[in-house]
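Note: the block below is input_9.txt and it holds compact mmCIF, C-alpha atoms and all ligand atoms.
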# COMPACT_ATOMS: atom_id res chain seq x y z
CA MET A 1 -10.23 33.37 45.47
CA SER A 2 -13.12 35.39 44.05
CA LYS A 3 -16.64 33.98 43.80
CA GLN A 4 -16.48 34.75 40.10
CA ALA A 5 -13.45 32.50 39.63
CA LEU A 6 -15.26 29.65 41.37
CA ALA A 7 -18.32 30.08 39.15
CA VAL A 8 -16.48 29.29 35.91
CA LYS A 9 -18.20 26.51 33.95
CA THR A 10 -16.91 23.94 31.49
CA SER A 11 -17.66 24.96 27.93
CA ILE A 12 -16.51 24.43 24.37
CA GLU A 13 -13.12 26.08 24.11
CA LYS A 14 -11.36 27.96 21.38
CA VAL A 15 -8.42 25.81 20.27
CA GLU A 16 -5.98 27.26 17.75
CA THR A 17 -3.75 24.28 17.05
CA GLY A 18 -4.38 24.07 13.32
CA LEU A 19 -7.04 21.39 13.59
CA PRO A 20 -10.22 22.94 12.15
CA ALA A 21 -13.16 23.20 14.58
CA LYS A 22 -15.28 20.97 12.37
CA GLU A 23 -12.68 18.20 12.44
CA ARG A 24 -12.12 18.53 16.17
CA LYS A 25 -15.86 18.27 16.78
CA LYS A 26 -16.17 15.14 14.67
CA ILE A 27 -13.16 13.51 16.34
CA ALA A 28 -14.45 14.44 19.81
CA GLU A 29 -17.83 12.88 18.98
CA ASN A 30 -16.17 9.72 17.75
CA LEU A 31 -14.07 9.61 20.92
CA GLY A 32 -17.30 9.87 22.91
CA THR A 33 -18.37 6.60 21.30
CA VAL A 34 -15.04 4.95 22.10
CA LEU A 35 -15.36 6.23 25.68
CA GLY A 36 -18.89 4.81 25.96
CA ASP A 37 -17.80 1.46 24.55
CA THR A 38 -14.78 1.41 26.87
CA TYR A 39 -17.01 1.88 29.92
CA THR A 40 -19.51 -0.72 28.74
CA LEU A 41 -16.72 -3.25 28.24
CA LEU A 42 -15.12 -2.23 31.56
CA VAL A 43 -18.34 -3.02 33.45
CA LYS A 44 -18.91 -6.27 31.55
CA THR A 45 -15.31 -7.37 32.17
CA HIS A 46 -15.69 -6.58 35.87
CA VAL A 47 -18.99 -8.49 36.15
CA TYR A 48 -17.43 -11.57 34.54
CA HIS A 49 -14.35 -11.20 36.78
CA TRP A 50 -16.66 -11.62 39.78
CA ASN A 51 -18.91 -14.35 38.44
CA VAL A 52 -16.70 -16.70 36.41
CA VAL A 53 -16.51 -20.26 37.81
CA GLY A 54 -14.96 -23.59 36.81
CA PRO A 55 -11.48 -24.85 35.97
CA LEU A 56 -10.63 -21.59 34.13
CA PHE A 57 -11.57 -19.46 37.12
CA LEU A 58 -8.07 -18.32 38.03
CA PRO A 59 -6.70 -17.38 34.58
CA LEU A 60 -9.95 -15.65 33.62
CA HIS A 61 -10.28 -13.93 36.99
CA GLU A 62 -6.73 -12.58 36.63
CA LEU A 63 -6.94 -11.65 32.95
CA THR A 64 -10.23 -9.79 33.41
CA GLU A 65 -8.65 -7.88 36.30
CA ALA A 66 -5.75 -6.78 34.12
CA HIS A 67 -8.24 -5.76 31.43
CA TYR A 68 -10.66 -3.76 33.57
CA ASN A 69 -7.71 -1.87 35.03
CA ASP A 70 -6.47 -1.05 31.53
CA LEU A 71 -9.97 -0.05 30.37
CA PHE A 72 -10.35 2.27 33.36
CA GLN A 73 -7.06 4.02 32.58
CA ALA A 74 -8.02 4.20 28.91
CA ALA A 75 -11.37 5.84 29.70
CA ASP A 76 -9.48 8.59 31.52
CA THR A 77 -7.05 9.09 28.64
CA ILE A 78 -9.86 9.19 26.06
CA ALA A 79 -11.96 11.68 28.07
CA GLU A 80 -8.92 13.91 28.58
CA ARG A 81 -8.26 13.87 24.83
CA ILE A 82 -11.83 15.10 24.29
CA ARG A 83 -11.00 17.98 26.69
CA SER A 84 -7.76 18.72 24.83
CA LEU A 85 -9.74 18.97 21.60
CA GLY A 86 -11.76 21.74 23.27
CA PHE A 87 -14.96 19.89 24.19
CA PRO A 88 -16.52 18.93 27.51
CA ALA A 89 -16.19 15.30 28.57
CA PRO A 90 -19.51 13.54 29.27
CA MET A 91 -21.15 14.84 32.44
CA THR A 92 -23.32 11.87 33.40
CA LEU A 93 -23.19 8.09 33.44
CA ALA A 94 -26.32 8.07 31.28
CA SER A 95 -24.67 10.17 28.59
CA ILE A 96 -21.60 7.89 28.58
CA ASP A 97 -23.88 4.88 28.25
CA ARG A 98 -25.96 6.46 25.46
CA LYS A 99 -22.84 6.90 23.35
CA SER A 100 -21.90 3.23 23.57
CA LYS A 101 -22.75 0.99 20.64
CA LEU A 102 -21.80 -2.23 22.42
CA ASP A 103 -24.41 -4.57 23.84
CA GLY A 104 -23.84 -4.18 27.57
CA ASN A 105 -25.86 -7.31 28.43
CA THR A 106 -23.88 -9.41 30.92
CA GLY A 107 -26.03 -12.51 30.62
CA SER A 108 -23.30 -15.07 29.90
CA GLU A 109 -23.24 -17.72 32.63
CA THR A 110 -20.47 -20.12 31.63
CA ALA A 111 -16.76 -19.33 31.30
CA ALA A 112 -16.86 -20.19 27.58
CA ALA A 113 -19.87 -17.94 26.94
CA MET A 114 -18.25 -15.09 28.88
CA VAL A 115 -15.08 -15.38 26.81
CA ASP A 116 -17.07 -15.49 23.55
CA ASP A 117 -19.00 -12.41 24.63
CA LEU A 118 -15.83 -10.51 25.58
CA VAL A 119 -14.02 -11.51 22.38
CA GLY A 120 -17.01 -10.33 20.33
CA ASP A 121 -17.01 -6.95 22.08
CA HIS A 122 -13.25 -6.50 21.69
CA GLU A 123 -13.57 -7.36 17.99
CA GLU A 124 -16.42 -4.90 17.54
CA MET A 125 -14.33 -2.20 19.22
CA VAL A 126 -11.33 -2.96 17.01
CA ARG A 127 -13.48 -2.55 13.88
CA ARG A 128 -14.92 0.75 15.10
CA ILE A 129 -11.66 2.17 16.49
CA ARG A 130 -9.74 1.28 13.31
CA SER A 131 -12.05 3.41 11.21
CA ILE A 132 -11.96 6.30 13.73
CA THR A 133 -8.14 6.04 13.85
CA ALA A 134 -7.97 6.34 10.07
CA ASP A 135 -10.27 9.40 10.22
CA ALA A 136 -8.02 11.00 12.85
CA ALA A 137 -4.94 10.47 10.67
CA GLU A 138 -6.77 11.91 7.68
CA ALA A 139 -7.57 15.02 9.74
CA GLU A 140 -3.88 15.15 10.79
CA ASP A 141 -4.83 14.67 14.44
CA PHE A 142 -1.77 12.53 15.13
CA VAL A 143 -2.24 12.61 18.89
CA THR A 144 -5.68 11.00 18.68
CA HIS A 145 -4.31 8.66 16.01
CA ASP A 146 -1.50 7.48 18.32
CA MET A 147 -3.82 7.13 21.30
CA LEU A 148 -6.29 5.03 19.32
CA ASN A 149 -3.47 3.01 17.80
CA ALA A 150 -2.53 1.99 21.35
CA ARG A 151 -6.17 1.08 22.02
CA LEU A 152 -6.19 -1.14 18.93
CA ALA A 153 -3.08 -2.94 20.17
CA PHE A 154 -4.71 -3.52 23.57
CA HIS A 155 -7.98 -4.87 22.15
CA GLU A 156 -6.29 -7.11 19.58
CA LYS A 157 -4.01 -8.56 22.27
CA ALA A 158 -7.01 -9.11 24.57
CA ILE A 159 -8.72 -11.13 21.81
CA TRP A 160 -5.65 -13.34 21.39
CA MET A 161 -5.32 -13.91 25.14
CA TYR A 162 -8.97 -14.85 25.69
CA ARG A 163 -8.87 -17.20 22.70
CA ALA A 164 -5.66 -18.81 23.96
CA ILE A 165 -7.22 -19.54 27.35
CA ILE A 166 -10.25 -21.37 25.97
CA ALA A 167 -8.42 -23.06 23.05
FE FE B 1 -11.19 -8.33 41.87
What does this structure look like when you write it as structure tokens?
Ligand SMILES: [Fe+2]
Amino acid sequence: MSKQALAVKTSIEKVETGLPAKERKKIAENLGTVLGDTYTLLVKTHVYHWNVVGPLFLPLHELTEAHYNDLFQAADTIAERIRSLGFPAPMTLASIDRKSKLDGNTGSETAAAMVDDLVGDHEEMVRRIRSITADAAEAEDFVTHDMLNARLAFHEKAIWMYRAIIA
């Protein structure tokens, strides 16, 4: 392999799929926010998975594990969609974090407070993702629309499950 081939860098790519560059850029930026939020919630979910105590330990420990695994997979899918739209995925943890609009504070100490905190974050993500999903459909980016639709289903189900545990 030539040295030149190994020196190729990631850059904005020319994509001729019928989605105008302006639309792709806007969608990719919005996906950056969803990616940031997904990582913030992934870390928070993981922290609560480790620290939850009390009679709800086992169901919450297991549910948070299922959720952080899903969020990790989702982060990969979202970042790869940004690449498919022709843009670089975030290069640093700091830039992922900067894009997040969620409050990443993991200060909840009781099981009930942790669940409230997680439900609030999932709800916030649903509100944000719904509007981004509608924008993607409007731009006729049906792939992003379908991907985000699946994210909405995950977050809405997570809300129900957390609520059911502490009901
Ligand atoms: Fe674990």
*Give as a list of chain:residue names the residues surrounding ligand FE 1 (chain B) up to a distance of 8 Å, considering only C-alpha atoms and all ligand atoms.*
A:His46, A:His49, A:Trp50, A:His61, A:Glu65
_When you count all atoms listed in the file, which of these residues is closest to Asp70 (chain A): A:Ala153, A:Leu42, A:Ala164, A:Ile132?_
A:Leu42
*Neighbour list for Gly104 (chain A) as a PyMOL selection string, cut-off 8 Å, only C-alpha atoms, skip fewer than 6 positions in-chain*: chain A and resi 40-41+44
Write the residues you've just listed into a file as a CSV table (one decimal), keeping the file's coordinate frame, and include C-alpha atoms for each of them.
chain,number,residue,atom,x,y,z
A,40,THR,CA,-19.5,-0.7,28.7
A,41,LEU,CA,-16.7,-3.2,28.2
A,44,LYS,CA,-18.9,-6.3,31.6
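Each of A:Met125, A:Leu31, A:Ala113, A:Leu71 was compared to Ile96 (chain A) using all atoms listed in the file, and A:Leu31 turns out to be the nearest.
Residue nearest Arg151 (chain A), chosen from A:Asn51, A:Ser84, A:Thr110, A:Thr38 and counting all atoms listed in the file: A:Thr38.
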*Please provide the set of residues having any atom within 12 Å of Glu124 (chain A), restricted to all atoms listed in the file, with same-chain residues fewer than 6 positions apart removed, written as a PyMOL selection string.*
chain A and resi 34+37-38+41+100-103+117-118+130-131+152+155-156+159
Now that the selection is made, can you save its residues with C-alpha atoms as a short mmCIF file (atom, residue, chain, number, x, y, z; two decimals), in the frame of the given file?
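What landed in part08.cif:
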data_model
loop_
_atom_site.label_atom_id
_atom_site.label_comp_id
_atom_site.auth_asym_id
_atom_site.auth_seq_id
_atom_site.Cartn_x
_atom_site.Cartn_y
_atom_site.Cartn_z
CA VAL A 34 -15.04 4.95 22.10
CA ASP A 37 -17.80 1.46 24.55
CA THR A 38 -14.78 1.41 26.87
CA LEU A 41 -16.72 -3.25 28.24
CA SER A 100 -21.90 3.23 23.57
CA LYS A 101 -22.75 0.99 20.64
CA LEU A 102 -21.80 -2.23 22.42
CA ASP A 103 -24.41 -4.57 23.84
CA ASP A 117 -19.00 -12.41 24.63
CA LEU A 118 -15.83 -10.51 25.58
CA ARG A 130 -9.74 1.28 13.31
CA SER A 131 -12.05 3.41 11.21
CA LEU A 152 -6.19 -1.14 18.93
CA HIS A 155 -7.98 -4.87 22.15
CA GLU A 156 -6.29 -7.11 19.58
CA ILE A 159 -8.72 -11.13 21.81
#
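Of the listed residues A:Phe142, A:Phe154, A:Phe57, A:Tyr162, the one whose atoms come nearest to Val115 (chain A) is A:Tyr162, with distances taken using all atoms listed in the file.
The smallest atom-to-atom distance between Gly54 (chain A) and any of A:Leu85, A:Met91, A:Ala7, A:Ala111, using only C-alpha atoms, is found for A:Ala111.
Nearest residue to Trp160 (chain A) among A:His145, A:Arg128, A:His122, A:Arg83 is A:His122, counting only C-alpha atoms.
Between CA of Asp146 (chain A) and CA of Thr17 (chain A) the separation is 17.0 Å.
The space between CA of Glu109 (chain A) and CA of Thr33 (chain A) spans 27.3 Å.
Rounded to one decimal, CA of Tyr39 (chain A) and CA of Phe72 (chain A) lie 7.5 Å from each other.
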_Excluding Glu13 (chain A) and its own-chain neighbours fewer than 5 positions away, which residues fall within 12 Å of it when counting only C-alpha atoms? Please give them as number ranges by chain._
A: 21, 24-25, 82-88
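Close to (-9.0, -11.9, 31.1), meaning no more than 8 Å away when counting all atoms listed in the file, sit the residues Thr45, His49, Pro59, Leu60, His61, Glu62, Leu63, Thr64, Glu65, Ala66, His67, Ala158, Met161 and Tyr162 of chain A.
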